[in-house]
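Reproduced below: run-v1.cif, with mmCIF, C-alpha atoms.
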```cif
data_run
loop_
_atom_site.label_atom_id
_atom_site.label_comp_id
_atom_site.auth_asym_id
_atom_site.auth_seq_id
_atom_site.Cartn_x
_atom_site.Cartn_y
_atom_site.Cartn_z
CA MET G 1 80.39 -3.62 -282.35
CA GLU G 2 77.50 -5.93 -281.48
CA GLU G 3 79.53 -9.00 -282.43
CA PHE G 4 82.44 -7.71 -280.35
CA PHE G 5 80.33 -7.42 -277.19
CA GLN G 6 78.74 -10.82 -277.83
CA GLN G 7 82.18 -12.40 -278.03
CA LEU G 8 83.33 -10.40 -275.01
CA THR G 9 80.50 -11.74 -272.85
CA ASN G 10 81.10 -15.25 -274.13
CA GLY G 11 84.80 -14.92 -273.37
CA LEU G 12 84.11 -13.71 -269.84
CA ALA G 13 81.79 -16.66 -269.20
CA VAL G 14 84.32 -19.21 -270.44
CA GLY G 15 87.14 -17.32 -268.75
CA GLY G 16 85.33 -17.64 -265.44
CA ILE G 17 85.51 -21.42 -265.83
CA TYR G 18 89.21 -21.25 -266.65
CA ALA G 19 89.76 -19.06 -263.59
CA LEU G 20 87.99 -21.47 -261.22
CA ILE G 21 90.12 -24.37 -262.43
CA ALA G 22 93.28 -22.25 -262.41
CA LEU G 23 92.73 -21.44 -258.74
CA GLY G 24 93.21 -25.11 -257.91
CA TYR G 25 96.54 -25.19 -259.74
CA THR G 26 97.79 -21.96 -258.22
CA MET G 27 96.79 -22.80 -254.62
CA VAL G 28 98.56 -26.16 -254.68
CA TYR G 29 101.63 -24.66 -256.30
CA GLY G 30 101.65 -21.79 -253.81
CA VAL G 31 101.82 -24.14 -250.82
CA LEU G 32 103.62 -27.23 -252.16
CA LYS G 33 105.43 -25.85 -255.23
CA LEU G 34 103.84 -28.78 -257.08
CA ILE G 35 101.73 -28.86 -260.26
CA ASN G 36 98.73 -31.07 -259.58
CA PHE G 37 98.34 -32.64 -263.01
CA ALA G 38 95.28 -34.58 -261.80
CA HIS G 39 93.35 -31.35 -261.17
CA GLY G 40 91.85 -31.28 -264.66
CA ASP G 41 90.49 -34.78 -264.12
CA LEU G 42 88.87 -33.69 -260.85
CA PHE G 43 87.10 -31.06 -262.95
CA THR G 44 85.88 -33.87 -265.24
CA ILE G 45 84.70 -35.92 -262.27
CA GLY G 46 82.69 -32.91 -261.11
CA ALA G 47 80.91 -32.77 -264.47
CA TYR G 48 80.09 -36.49 -264.41
CA LEU G 49 79.00 -36.47 -260.77
CA GLY G 50 76.70 -33.55 -261.55
CA LEU G 51 75.05 -35.54 -264.35
CA THR G 52 74.71 -38.63 -262.15
CA LEU G 53 73.18 -36.76 -259.21
CA LEU G 54 70.92 -34.75 -261.48
CA THR G 55 69.45 -37.76 -263.25
CA SER G 56 69.38 -40.05 -260.20
CA PHE G 57 67.67 -37.74 -257.71
CA GLY G 58 65.75 -35.45 -260.04
CA LEU G 59 66.72 -32.42 -257.97
CA THR G 60 65.40 -29.81 -260.38
CA GLY G 61 62.08 -31.62 -260.63
CA HIS G 62 61.56 -31.85 -256.87
CA LEU G 63 63.10 -28.56 -255.76
CA GLY G 64 62.70 -26.34 -258.81
CA ALA G 65 65.39 -25.15 -261.22
CA VAL G 66 67.12 -22.62 -258.95
CA ALA G 67 67.10 -24.59 -255.70
CA GLY G 68 67.81 -27.84 -257.52
CA VAL G 69 70.91 -26.48 -259.26
CA LEU G 70 72.11 -24.87 -256.01
CA VAL G 71 71.80 -28.14 -254.05
CA LEU G 72 73.39 -30.00 -256.95
CA ALA G 73 76.36 -27.62 -256.96
CA ILE G 74 76.89 -28.05 -253.21
CA MET G 75 76.75 -31.84 -253.48
CA VAL G 76 79.21 -31.90 -256.38
CA GLN G 77 81.63 -29.57 -254.62
CA VAL G 78 81.58 -31.64 -251.43
CA LEU G 79 82.14 -34.94 -253.25
CA VAL G 80 84.94 -33.63 -255.47
CA ALA G 81 86.55 -31.94 -252.45
CA LEU G 82 86.62 -35.30 -250.65
CA ILE G 83 88.21 -36.94 -253.70
CA GLY G 84 90.82 -34.18 -253.75
CA TYR G 85 91.49 -34.72 -250.05
CA MET G 86 92.01 -38.45 -250.58
CA LEU G 87 94.26 -37.71 -253.56
CA GLU G 88 96.56 -35.65 -251.37
CA ARG G 89 96.66 -38.28 -248.63
CA VAL G 90 97.34 -41.19 -250.98
CA ALA G 91 99.38 -39.76 -253.87
CA TYR G 92 101.21 -36.70 -252.50
CA ARG G 93 101.69 -36.81 -248.73
CA PRO G 94 103.80 -40.02 -248.70
CA LEU G 95 106.14 -38.40 -251.24
CA ARG G 96 106.47 -35.01 -249.59
CA GLN G 97 110.07 -35.64 -248.50
CA SER G 98 110.99 -37.39 -251.76
CA PRO G 99 112.58 -35.72 -254.79
CA ARG G 100 110.26 -33.37 -256.66
CA LEU G 101 110.16 -35.66 -259.69
CA SER G 102 108.51 -38.42 -257.64
CA ALA G 103 105.53 -36.20 -256.84
CA VAL G 104 105.23 -35.14 -260.50
CA VAL G 105 105.15 -38.77 -261.63
CA SER G 106 102.57 -39.53 -258.94
CA ALA G 107 100.42 -36.64 -260.17
CA LEU G 108 100.58 -37.92 -263.74
CA GLY G 109 99.70 -41.41 -262.56
CA ALA G 110 96.71 -40.09 -260.63
CA SER G 111 95.55 -38.21 -263.74
CA ILE G 112 95.72 -41.36 -265.86
CA PHE G 113 93.90 -43.34 -263.16
CA PHE G 114 91.05 -40.83 -262.85
CA GLN G 115 90.61 -40.46 -266.62
CA ASN G 116 90.43 -44.21 -267.20
CA ALA G 117 88.19 -44.74 -264.18
CA VAL G 118 85.67 -42.26 -265.59
CA MET G 119 85.84 -43.95 -268.99
CA LEU G 120 85.26 -47.41 -267.50
CA VAL G 121 82.33 -46.26 -265.36
CA TYR G 122 80.54 -44.02 -267.86
CA GLY G 123 81.86 -45.23 -271.21
CA ALA G 124 83.87 -43.47 -273.89
CA ARG G 125 80.92 -41.75 -275.57
CA PHE G 126 79.79 -38.22 -274.89
CA GLN G 127 77.28 -37.89 -272.07
CA VAL G 128 74.42 -35.41 -272.43
CA TYR G 129 72.89 -33.23 -269.72
CA PRO G 130 69.12 -32.59 -269.72
CA HIS G 131 68.53 -29.58 -271.96
CA ASP G 132 65.61 -27.95 -270.14
CA ILE G 133 67.30 -27.08 -266.83
CA LEU G 134 68.63 -23.58 -267.42
CA PRO G 135 66.59 -20.71 -268.88
CA THR G 136 66.93 -19.94 -272.58
CA THR G 137 65.90 -16.30 -272.31
CA ALA G 138 68.12 -13.33 -273.07
CA ILE G 139 68.56 -10.04 -271.22
CA ASN G 140 68.93 -6.72 -272.97
CA LEU G 141 72.13 -5.00 -271.82
CA PHE G 142 72.90 -1.67 -273.44
CA GLY G 143 70.88 -2.66 -276.48
CA LEU G 144 72.50 -6.08 -276.76
CA ASP G 145 70.64 -9.34 -276.15
CA VAL G 146 72.86 -11.50 -273.96
CA PRO G 147 71.78 -15.05 -273.00
CA LEU G 148 70.83 -15.21 -269.34
CA VAL G 149 72.81 -18.45 -268.90
CA ARG G 150 75.99 -16.68 -269.97
CA ILE G 151 75.43 -13.94 -267.39
CA LEU G 152 74.66 -16.47 -264.65
CA MET G 153 77.84 -18.41 -265.42
CA PHE G 154 79.97 -15.30 -265.18
CA LEU G 155 78.31 -14.07 -261.99
CA THR G 156 78.62 -17.49 -260.35
CA SER G 157 82.32 -17.59 -261.17
CA VAL G 158 82.84 -14.09 -259.80
CA VAL G 159 80.98 -14.91 -256.56
CA LEU G 160 83.07 -18.05 -256.00
CA MET G 161 86.31 -16.21 -256.78
CA LEU G 162 85.50 -13.29 -254.50
CA GLY G 163 84.46 -15.70 -251.75
CA LEU G 164 87.82 -17.45 -251.98
CA TYR G 165 89.72 -14.16 -252.10
CA PHE G 166 88.09 -12.80 -248.94
CA PHE G 167 88.52 -16.16 -247.20
CA ILE G 168 92.26 -16.15 -247.95
CA GLN G 169 92.76 -12.47 -247.12
CA LYS G 170 90.42 -11.85 -244.17
CA THR G 171 90.26 -15.02 -242.08
CA LYS G 172 92.70 -16.63 -239.65
CA THR G 173 92.70 -19.84 -241.68
CA GLY G 174 93.44 -17.87 -244.83
CA THR G 175 96.35 -16.22 -243.05
CA ALA G 176 97.67 -19.69 -242.15
CA ILE G 177 97.46 -20.72 -245.81
CA ARG G 178 99.38 -17.62 -246.88
CA ALA G 179 101.98 -18.22 -244.18
CA ALA G 180 102.48 -21.84 -245.26
CA ALA G 181 102.86 -20.67 -248.85
CA ILE G 182 105.64 -18.26 -247.85
CA ASP G 183 107.66 -20.54 -245.56
CA GLN G 184 106.41 -23.86 -244.20
CA GLY G 185 109.20 -24.10 -241.65
CA ALA G 186 108.45 -20.70 -240.17
CA ALA G 187 104.73 -21.47 -240.22
CA LYS G 188 105.33 -24.61 -238.14
CA LEU G 189 107.35 -22.59 -235.62
CA MET G 190 104.38 -20.21 -235.31
CA GLY G 191 102.11 -23.13 -234.37
CA ILE G 192 100.44 -23.62 -237.73
CA ASN G 193 99.51 -27.20 -238.61
CA VAL G 194 100.90 -27.31 -242.14
CA ASN G 195 99.41 -30.74 -242.86
CA LYS G 196 95.93 -29.41 -242.15
CA VAL G 197 96.61 -26.36 -244.30
CA ILE G 198 97.66 -28.55 -247.23
CA SER G 199 94.61 -30.77 -246.76
CA LEU G 200 92.40 -27.68 -246.78
CA VAL G 201 93.99 -26.52 -250.02
CA PHE G 202 93.19 -29.91 -251.55
CA LEU G 203 89.60 -29.50 -250.41
CA ILE G 204 89.06 -25.97 -251.71
CA GLY G 205 90.82 -26.32 -255.09
CA PRO G 206 88.98 -29.48 -256.21
CA ALA G 207 85.68 -28.07 -254.93
CA LEU G 208 86.08 -25.07 -257.25
CA GLY G 209 87.13 -27.39 -260.09
CA GLY G 210 84.06 -29.54 -259.50
CA ALA G 211 81.83 -26.48 -259.64
CA ALA G 212 83.47 -25.51 -262.94
CA GLY G 213 82.83 -29.01 -264.32
CA LEU G 214 79.17 -28.77 -263.41
CA MET G 215 78.93 -25.36 -265.07
CA VAL G 216 80.44 -26.72 -268.28
CA GLY G 217 77.96 -29.59 -268.32
CA LEU G 218 74.99 -27.32 -267.75
CA TYR G 219 76.17 -24.69 -270.24
CA TYR G 220 77.35 -26.84 -273.15
CA GLY G 221 75.05 -29.79 -272.52
CA GLN G 222 77.57 -32.57 -273.18
CA ILE G 223 80.71 -33.86 -271.51
CA ASN G 224 83.50 -36.29 -272.32
CA PHE G 225 86.00 -38.17 -270.16
CA THR G 226 88.96 -36.48 -271.90
CA MET G 227 87.79 -32.88 -271.44
CA GLY G 228 89.83 -32.49 -268.26
CA TRP G 229 93.03 -32.50 -270.32
CA VAL G 230 91.90 -29.61 -272.54
CA TYR G 231 90.38 -27.47 -269.80
CA GLY G 232 93.21 -28.33 -267.41
CA LEU G 233 95.81 -27.20 -269.94
CA LYS G 234 93.93 -23.94 -270.56
CA ALA G 235 93.56 -23.32 -266.83
CA PHE G 236 97.24 -24.07 -266.23
CA THR G 237 98.02 -21.54 -268.96
CA ALA G 238 95.76 -19.02 -267.23
CA ALA G 239 97.53 -19.62 -263.91
CA ILE G 240 100.92 -18.96 -265.53
CA LEU G 241 99.51 -15.97 -267.39
CA GLY G 242 98.35 -14.33 -264.18
CA GLY G 243 101.33 -15.46 -262.11
CA ILE G 244 101.51 -19.03 -260.79
CA GLY G 245 100.95 -19.11 -257.04
CA ASN G 246 99.06 -15.80 -257.08
CA ILE G 247 95.31 -16.16 -256.44
CA PRO G 248 94.18 -12.83 -257.96
CA GLY G 249 96.53 -13.58 -260.85
CA ALA G 250 94.73 -16.87 -261.56
CA MET G 251 91.42 -15.02 -261.63
CA VAL G 252 92.67 -12.33 -263.99
CA GLY G 253 94.54 -14.84 -266.14
CA GLY G 254 91.48 -17.04 -266.57
CA LEU G 255 89.19 -14.18 -267.58
CA LEU G 256 91.81 -12.72 -269.92
CA LEU G 257 92.46 -16.07 -271.59
CA GLY G 258 88.75 -16.63 -272.17
CA VAL G 259 88.35 -13.20 -273.79
CA ILE G 260 91.45 -13.70 -275.97
CA GLU G 261 90.14 -17.05 -277.17
CA ALA G 262 86.68 -15.73 -277.95
CA LEU G 263 87.91 -12.68 -279.85
CA GLY G 264 90.54 -14.73 -281.69
CA ALA G 265 87.94 -17.28 -282.78
CA ALA G 266 85.59 -14.54 -283.97
CA TYR G 267 87.98 -12.24 -285.83
CA ILE G 268 90.78 -14.57 -286.98
CA SER G 269 89.75 -18.23 -287.07
CA ILE G 270 88.23 -20.66 -284.62
CA ALA G 271 90.94 -23.13 -285.65
CA TRP G 272 93.62 -20.71 -284.41
CA LYS G 273 92.10 -19.73 -281.06
CA ASP G 274 94.33 -22.07 -279.04
CA ALA G 275 97.45 -20.95 -280.88
CA ILE G 276 96.54 -17.29 -280.30
CA ALA G 277 96.07 -17.87 -276.58
CA PHE G 278 99.44 -19.58 -276.22
CA PHE G 279 101.13 -16.93 -278.35
CA VAL G 280 99.88 -14.24 -275.98
CA LEU G 281 101.12 -16.35 -273.05
CA ILE G 282 104.60 -16.61 -274.59
CA LEU G 283 104.62 -12.88 -275.32
CA ILE G 284 103.69 -11.95 -271.74
CA LEU G 285 106.24 -14.36 -270.28
CA ILE G 286 108.94 -12.81 -272.44
CA ILE G 287 107.99 -9.32 -271.26
CA ARG G 288 107.15 -10.31 -267.66
CA PRO G 289 108.35 -13.83 -266.76
CA THR G 290 106.52 -13.86 -263.42
CA GLY G 291 103.15 -13.34 -265.11
CA LEU G 292 100.84 -10.35 -264.98
CA LEU G 293 100.44 -10.23 -261.19
CA GLY G 294 103.34 -12.43 -260.16
CA GLU G 295 105.82 -11.00 -257.70
CA ARG G 296 109.57 -11.26 -257.92
CA VAL G 297 110.93 -13.16 -254.95
CA ALA G 298 114.09 -11.83 -253.34
CA ASP G 299 117.03 -14.21 -253.21
CA LYS G 300 118.17 -15.28 -249.75
CA ILE G 301 121.77 -14.35 -248.97
#
```

As C-alpha cells, how would this structure be written, given the file I've shared?
Amino acid sequence: MEEFFQQLTNGLAVGGIYALIALGYTMVYGVLKLINFAHGDLFTIGAYLGLTLLTSFGLTGHLGAVAGVLVLAIMVQVLVALIGYMLERVAYRPLRQSPRLSAVVSALGASIFFQNAVMLVYGARFQVYPHDILPTTAINLFGLDVPLVRILMFLTSVVLMLGLYFFIQKTKTGTAIRAAAIDQGAAKLMGINVNKVISLVFLIGPALGGAAGLMVGLYYGQINFTMGWVYGLKAFTAAILGGIGNIPGAMVGGLLLGVIEALGAAYISIAWKDAIAFFVLILILIIRPTGLLGERVADKI
C-alpha cells in the first residue's frame, strides 16, 4: 500500500506537467482546429531559458529560494509566451485561409526549427540544473513520507490550471475565447476581435508550457533538446484522452495519464509504461471517441 501511494503521488506530479502542456494543445485546437506541433518545443525552450536565467542572474542567491524561483517562473512564462505569439504571427496567421495541410506542415517546420535552434545554441549534450535549489525534505502524509518537491509540483500545476479555468469561465475575455472556439464567424458579428483572441491563446498556452519546462528542469535536474518531442507526445495523448478542445478534459487527461504511467512502471515494467498509457488511450477512444469529457457536436442541417 505504501508503494502504491508513493507511485500515486509521483504520477500526480508528472501528470500535472502533462496537463499544463496539454492545455496548450487543446486551447489552440479549440479555437483554430489546428494541432500546434511546435508546442512541445516551446516547452523545451522554457526549460532552457529557465536554466540560462537561473545561472546568469543568480536569482535564488539574491532573492532566496522561494522568491527566486517565483521570479524565474514569471520571466520564463513571459519570454515563452512572446515566442508563442511570434510563432502564431509568422507561421500560422499567413496560412489561416490556406488548406489545413499547409498549417500542419508549417507547424512541423516550426518544430524542427526550434529543436535545431536549441541544439545549436546549447549543444546536444544534457544540461544540468543546480541541484541545491529546491528542498530535499519530505512531509509525512497519512503515515507516508512524500518528498516536498513532489507536493509543490502538483500544487503549482493545480494552481495554474485552476487559474486558467476561472479565467476562461468567469471573465469577459474568457467568454470571447469560448465564443471564438464555437463559431468564429458569429463571434466576429458580435464584435469580438478574433485575431486578438487567437493571439491571446498563443500567449497563454506557451506560457503554461514554459512553466512546465521549468518544473521539469527543477524536478529532474537535467534537460535535453529533444525532450519536447516525448513530453509533447504524452501531452497530446492526454489532451485526446480528456477530449481535445476541452480545457477541463486536458487537465483530467494529464493527471490520469501520469498516474497510469507511474502505476504501470511500478507494477508491470518501466519499459512498458508508454505502451500501457497508449493502450488505455486506445481503449477509451473505442468506448468514448470524444474522450472522457469531450462533447458530441450536433451536425448542422

- Please write as a PyMOL selection string the full residue list that the PyMOL selection byres ((chain G and resi 127-129) around 10) yields on this file. chain G and resi 47-48+50-52+54-55+122-126+130-133+214+217-225

- Have a look at CA of Leu12 in chain G and CA of Ser157 in chain G and let me know their distance in Å, one decimal.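 Separation of CA of Leu12 in chain G and CA of Ser157 in chain G: 9.7 Å.
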
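Closest approach to Ala91 in chain G among G:Ala107, G:Val28, G:Val216, G:Leu79 is made by G:Ala107 (distances from only C-alpha atoms).
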
- Pick from G:Ile139, G:Ala176, G:Leu82, G:Met119: nearest to Gly210 in chain G, with all atoms listed in the file counted? G:Leu82

- Item | Who sits within 12 Å of range 101-106 of chain G, all atoms listed in the file, same chain under 4 positions skipped, as a PyMOL selection string | chain G and resi 29+32-38+87-97+110-113

- Message: As an exercise, work out the distance from CA of Leu164 in chain G to CA of Ile282 in chain G in Å and give it to one decimal place.
- Response: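 Distance between the two atoms: 28.2 Å.
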
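Pairwise distance (CA of Phe154 in chain G, CA of Ile17 in chain G) equals 8.3 Å.
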
- Query: If you apply the PyMOL selection byres ((chain G and resi 291) around 12) to this file, what residues do you get, as a VMD selection string?
  - Reply: chain G and resid 237 to 246 248 to 250 252 to 253 280 to 290 292 to 296

- Which residues fall under the PyMOL selection byres ((chain G and resi 202) around 8) in this file, as a PyMOL selection string? chain G and resi 24+28+81+84-85+88+198-201+203-206

- Message: Under the rule that only C-alpha atoms are counted, which of G:Ser269, G:Thr44, G:Thr9, G:Thr136 is the nearest residue to Gly232 in chain G?
- Response: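 Ranked by minimum distance to Gly232 in chain G, first place goes to G:Thr44.
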
- Nearest to Leu42 in chain G, chosen from G:Ala117, G:Ala67, G:Ile270, G:Met251, with all atoms listed in the file counted in the distances: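 For Leu42 in chain G, the nearest of the given residues is G:Ala117.
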
Sorted per-residue table, range 96-181 of chain G near range 186-194 of chain G, closest atoms and distance, 12 Å, only C-alpha atoms, as a tab-separated table:
```
residue	atom	partner	partner_atom	distance
G:Lys172	CA	G:Ile192	CA	10.6
G:Thr173	CA	G:Ile192	CA	9.5
G:Gly174	CA	G:Ile192	CA	11.5
G:Thr175	CA	G:Ile192	CA	10.0
G:Ala176	CA	G:Ile192	CA	6.5
G:Ile177	CA	G:Val194	CA	8.3
G:Arg178	CA	G:Ala187	CA	9.4
G:Ala179	CA	G:Ala187	CA	5.8
G:Ala180	CA	G:Ala187	CA	5.5
G:Ala181	CA	G:Ala187	CA	8.9
```

Given 5 Å on each side, where is the centre and what are the edge lengths in Å to one decimal of the axis-aligned box enclosing the listed atoms of range 105-108 of chain G, as AutoDock Vina command-line options?
```
--center_x 102.8 --center_y -38.1 --center_z -261.3 --size_x 14.7 --size_y 12.9 --size_z 14.8
```

- Of G:Tyr25, G:Met215, G:Phe5, G:Ala262, the one nearest to Phe142 in chain G when counting only C-alpha atoms is G:Phe5

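Residues lying at most 9 Å from (75.0, -29.7, -256.7) in file coordinates, with all atoms listed in the file considered, are Leu49, Gly50, Leu53, Leu54, Leu59, Gly68, Val69, Leu70, Val71, Leu72, Ala73, Ile74, Met75, Val76, Gln77, Val78, Ala211 and Leu214 of chain G.
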
Would you fill the gaps in range 81-117 of chain G so it has N, CA and C atoms, then print it as an mmCIF file, in the frame of the given file?
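Result file follows (rebuild-v8.cif):
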```
data_model
loop_
_atom_site.group_PDB
_atom_site.id
_atom_site.type_symbol
_atom_site.label_atom_id
_atom_site.label_comp_id
_atom_site.auth_asym_id
_atom_site.auth_seq_id
_atom_site.Cartn_x
_atom_site.Cartn_y
_atom_site.Cartn_z
ATOM 1 N N ALA G 81 85.606 -32.357 -253.488
ATOM 2 C CA ALA G 81 86.550 -31.940 -252.450
ATOM 3 C C ALA G 81 87.065 -33.149 -251.673
ATOM 4 N N LEU G 82 86.197 -34.095 -251.369
ATOM 5 C CA LEU G 82 86.620 -35.300 -250.650
ATOM 6 C C LEU G 82 87.569 -36.144 -251.502
ATOM 7 N N ILE G 83 87.306 -36.217 -252.814
ATOM 8 C CA ILE G 83 88.210 -36.940 -253.700
ATOM 9 C C ILE G 83 89.571 -36.253 -253.741
ATOM 10 N N GLY G 84 89.564 -34.924 -253.785
ATOM 11 C CA GLY G 84 90.820 -34.180 -253.750
ATOM 12 C C GLY G 84 91.585 -34.402 -252.458
ATOM 13 N N TYR G 85 90.857 -34.468 -251.354
ATOM 14 C CA TYR G 85 91.490 -34.720 -250.050
ATOM 15 C C TYR G 85 92.154 -36.093 -250.036
ATOM 16 N N MET G 86 91.448 -37.105 -250.532
ATOM 17 C CA MET G 86 92.010 -38.450 -250.580
ATOM 18 C C MET G 86 93.195 -38.525 -251.533
ATOM 19 N N LEU G 87 93.129 -37.762 -252.626
ATOM 20 C CA LEU G 87 94.260 -37.710 -253.560
ATOM 21 C C LEU G 87 95.521 -37.225 -252.870
ATOM 22 N N GLU G 88 95.387 -36.182 -252.072
ATOM 23 C CA GLU G 88 96.560 -35.650 -251.370
ATOM 24 C C GLU G 88 97.101 -36.650 -250.359
ATOM 25 N N ARG G 89 96.209 -37.325 -249.648
ATOM 26 C CA ARG G 89 96.660 -38.280 -248.630
ATOM 27 C C ARG G 89 97.337 -39.496 -249.253
ATOM 28 N N VAL G 90 96.835 -39.948 -250.392
ATOM 29 C CA VAL G 90 97.340 -41.190 -250.980
ATOM 30 C C VAL G 90 98.517 -40.944 -251.921
ATOM 31 N N ALA G 91 98.407 -39.920 -252.781
ATOM 32 C CA ALA G 91 99.380 -39.760 -253.870
ATOM 33 C C ALA G 91 100.486 -38.756 -253.570
ATOM 34 N N TYR G 92 100.230 -37.777 -252.686
ATOM 35 C CA TYR G 92 101.210 -36.700 -252.500
ATOM 36 C C TYR G 92 101.873 -36.695 -251.122
ATOM 37 N N ARG G 93 101.109 -36.911 -250.075
ATOM 38 C CA ARG G 93 101.690 -36.810 -248.730
ATOM 39 C C ARG G 93 102.812 -37.824 -248.481
ATOM 40 N N PRO G 94 102.685 -39.081 -248.932
ATOM 41 C CA PRO G 94 103.800 -40.020 -248.700
ATOM 42 C C PRO G 94 105.079 -39.638 -249.424
ATOM 43 N N LEU G 95 104.977 -38.774 -250.449
ATOM 44 C CA LEU G 95 106.140 -38.400 -251.240
ATOM 45 C C LEU G 95 106.625 -36.991 -250.933
ATOM 46 N N ARG G 96 106.150 -36.403 -249.856
ATOM 47 C CA ARG G 96 106.470 -35.010 -249.590
ATOM 48 C C ARG G 96 107.967 -34.789 -249.335
ATOM 49 N N GLN G 97 108.640 -35.767 -248.761
ATOM 50 C CA GLN G 97 110.070 -35.640 -248.500
ATOM 51 C C GLN G 97 110.922 -36.259 -249.609
ATOM 52 N N SER G 98 110.277 -36.771 -250.644
ATOM 53 C CA SER G 98 110.990 -37.390 -251.760
ATOM 54 C C SER G 98 111.402 -36.327 -252.765
ATOM 55 N N PRO G 99 112.240 -36.680 -253.735
ATOM 56 C CA PRO G 99 112.580 -35.720 -254.790
ATOM 57 C C PRO G 99 111.342 -35.229 -255.524
ATOM 58 N N ARG G 100 111.416 -34.006 -256.022
ATOM 59 C CA ARG G 100 110.260 -33.370 -256.660
ATOM 60 C C ARG G 100 109.713 -34.187 -257.821
ATOM 61 N N LEU G 101 110.584 -34.875 -258.544
ATOM 62 C CA LEU G 101 110.160 -35.660 -259.690
ATOM 63 C C LEU G 101 109.207 -36.782 -259.288
ATOM 64 N N SER G 102 109.386 -37.331 -258.105
ATOM 65 C CA SER G 102 108.510 -38.420 -257.640
ATOM 66 C C SER G 102 107.064 -37.940 -257.524
ATOM 67 N N ALA G 103 106.871 -36.747 -256.976
ATOM 68 C CA ALA G 103 105.530 -36.200 -256.840
ATOM 69 C C ALA G 103 104.916 -35.890 -258.200
ATOM 70 N N VAL G 104 105.730 -35.430 -259.144
ATOM 71 C CA VAL G 104 105.230 -35.140 -260.500
ATOM 72 C C VAL G 104 104.752 -36.420 -261.171
ATOM 73 N N VAL G 105 105.548 -37.492 -261.045
ATOM 74 C CA VAL G 105 105.150 -38.770 -261.630
ATOM 75 C C VAL G 105 103.884 -39.294 -260.960
ATOM 76 N N SER G 106 103.773 -39.122 -259.657
ATOM 77 C CA SER G 106 102.570 -39.530 -258.940
ATOM 78 C C SER G 106 101.348 -38.760 -259.418
ATOM 79 N N ALA G 107 101.522 -37.459 -259.674
ATOM 80 C CA ALA G 107 100.420 -36.640 -260.170
ATOM 81 C C ALA G 107 99.974 -37.102 -261.552
ATOM 82 N N LEU G 108 100.923 -37.413 -262.412
ATOM 83 C CA LEU G 108 100.580 -37.920 -263.740
ATOM 84 C C LEU G 108 99.878 -39.264 -263.651
ATOM 85 N N GLY G 109 100.352 -40.116 -262.753
ATOM 86 C CA GLY G 109 99.700 -41.410 -262.560
ATOM 87 C C GLY G 109 98.276 -41.263 -262.066
ATOM 88 N N ALA G 110 98.053 -40.329 -261.130
ATOM 89 C CA ALA G 110 96.710 -40.090 -260.630
ATOM 90 C C ALA G 110 95.798 -39.576 -261.740
ATOM 91 N N SER G 111 96.332 -38.727 -262.615
ATOM 92 C CA SER G 111 95.550 -38.210 -263.740
ATOM 93 C C SER G 111 95.112 -39.336 -264.665
ATOM 94 N N ILE G 112 96.052 -40.221 -264.989
ATOM 95 C CA ILE G 112 95.720 -41.360 -265.860
ATOM 96 C C ILE G 112 94.688 -42.260 -265.191
ATOM 97 N N PHE G 113 94.848 -42.489 -263.888
ATOM 98 C CA PHE G 113 93.900 -43.340 -263.160
ATOM 99 C C PHE G 113 92.497 -42.745 -263.188
ATOM 100 N N PHE G 114 92.360 -41.463 -262.877
ATOM 101 C CA PHE G 114 91.050 -40.830 -262.850
ATOM 102 C C PHE G 114 90.397 -40.845 -264.237
ATOM 103 N N GLN G 115 91.175 -40.525 -265.269
ATOM 104 C CA GLN G 115 90.610 -40.460 -266.620
ATOM 105 C C GLN G 115 90.093 -41.836 -267.055
ATOM 106 N N ASN G 116 90.873 -42.874 -266.806
ATOM 107 C CA ASN G 116 90.430 -44.210 -267.200
ATOM 108 C C ASN G 116 89.303 -44.728 -266.329
ATOM 109 N N ALA G 117 89.292 -44.338 -265.055
ATOM 110 C CA ALA G 117 88.190 -44.740 -264.180
ATOM 111 C C ALA G 117 86.871 -44.157 -264.666
#
```
